[in-house]
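Visitor: What follows is a structure written as C-alpha cells; I'll ask about it next.
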Amino acid sequence: MSEFITHTLETVPQVSRTLLQNTEKQLGFIPIIRAPVPPFTLATATEKVQLAENGWNSKAPEKVASAYTLDCQWRNRAEIFSGRERIIEFLSRKWAKELDYKLKKDLWCFADNRIAVTFRYEWHDLAGQWYRSYGNELWEFAANGLMQRRIASINDLSMTESEREIF
C-alpha cells in the first residue's frame with residue numbers, strides 16, 4: 001500500500017470524477033487527488049484509516065496536514081478551528097506535549113464520503129506520567145480524497161508505563 005497514490009482523472013471513480021470536473025471548470029485546475037477517494041468501499045475505507053494512522057504516527061505536522069483541505073473544519077475535544085495552518089499549529093503543540101506518542105485507529109463504519117473510526121493512543125507528559133487517550137472520530141471527505149471535516153471526541157486515562165499496550 002503506497003502512502004501517496006497518484007490518480008489521473010480517468011482512474012477516479014465516476015461520482016468523484018464528475019465532482020472533480022465541476023471543480024476544474026470553477027477553478028480552472030484539478031485539485032490534488034489524495035487516494036483513495038470517495039465513495040468508499042470496505043477496502044478503500046480501511047486503506048484510508050491505515051494511511052491516517054501511519055501519517056499521525058509520523059508526528060510530522062505538515063505531512064499530516066497535507067491530508068486535509070485548505071479550509072478543513074476541526075473539532076478536537078473542546079477546540080474548534082479551521083484551516084491547514086491551524087492544523088499544523090495544533091499538531092505541533094500536541095506533539096510537543098504528548099511525548100512518545102503512538103496511535104492505533106480502527107474503522108468503525110463508512111458510507112459514501114464519510115468514515116467513522118475508533119482510536120486509542122498512548123503518550124507521556126514532561127513529568128513522565130503516562131496516558132491512554134481513546135475516542136471516536138468522524139471524517140468527511142471532499143471528492144479529491146482530502147478530509148474536509150474532522151470531529152474528534154477524546155477521553156484520557158492515566159496509567160503506568162507498564163500498562164502500555166501500543167508499541
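By order in the C-alpha cells, chains are A, B, ...; within a chain, residues start at 1; ligands start at 1, following the order shown.
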Could you pull out the strand (DSSP E or B) residues of chain A, going by DSSP on the backbone, and write them as a PyMOL selection string?
Guide: chain A and resi 68-76+79-82+99-111+114-124+130-141+147-159
Visitor: Within 7 Å of stretch 65-77 of chain A, counting only C-alpha atoms, which residues qualify if same-chain residues fewer than 5 places away don't, as a list in words?
Guide: Ser82, Gly83, Arg84, Ile87, Ile88, Leu146, Met147, Gln148, Arg149, Arg150, Ile151, Ala152, Ser153 and Ile154 of chain A
Visitor: How close does stretch 94-165 of chain A get to stretch 56-61 of chain A? List, as CSV, each residue of stretch 94-165 of chain A within 12 Å, its nearest atom pair and the distance in Å to one decimal, counting only C-alpha atoms.
Guide:
```
residue,atom,partner,partner_atom,distance
A:Lys94,CA,A:Lys59,CA,9.5
A:Trp95,CA,A:Lys59,CA,6.8
A:Ala96,CA,A:Lys59,CA,9.8
A:Lys97,CA,A:Lys59,CA,11.9
A:Glu98,CA,A:Lys59,CA,10.2
A:Leu99,CA,A:Lys59,CA,10.1
A:Asp100,CA,A:Lys59,CA,9.7
A:Tyr101,CA,A:Asn57,CA,7.3
A:Lys102,CA,A:Asn57,CA,6.0
A:Leu103,CA,A:Asn57,CA,6.1
A:Lys104,CA,A:Asn57,CA,8.7
A:Lys105,CA,A:Trp56,CA,9.9
A:Phe119,CA,A:Trp56,CA,11.6
A:Arg120,CA,A:Asn57,CA,11.9
A:Tyr121,CA,A:Asn57,CA,9.7
A:Glu122,CA,A:Asn57,CA,11.1
A:Trp123,CA,A:Asn57,CA,11.6
```
Visitor: For the residues in the current selection, export C-alpha atoms as a short mmCIF file (atom, residue, chain, number, x, y, z; two decimals), in the first residue's frame.
Guide:
```cif
data_model
loop_
_atom_site.label_atom_id
_atom_site.label_comp_id
_atom_site.auth_asym_id
_atom_site.auth_seq_id
_atom_site.Cartn_x
_atom_site.Cartn_y
_atom_site.Cartn_z
CA LYS A 94 0.09 18.48 20.65
CA TRP A 95 3.25 16.52 19.90
CA ALA A 96 5.44 18.88 21.94
CA LYS A 97 3.28 17.92 24.94
CA GLU A 98 2.39 14.28 24.16
CA LEU A 99 5.77 12.53 24.16
CA ASP A 100 6.45 9.04 22.78
CA TYR A 101 3.04 9.24 21.09
CA LYS A 102 1.82 6.01 19.46
CA LEU A 103 -1.61 5.71 17.82
CA LYS A 104 -3.89 2.89 16.65
CA LYS A 105 -7.03 3.59 14.56
CA PHE A 119 -8.83 5.12 18.17
CA ARG A 120 -6.50 4.91 21.10
CA TYR A 121 -3.09 6.37 21.63
CA GLU A 122 -0.55 6.35 24.41
CA TRP A 123 1.83 9.07 25.46
#
```
Visitor: Just to confirm, what's the straight-line distance from atom CA of A:Ile32 to atom CA of A:Gly145 in Å (one decimal)?
Guide: 8.5 Å
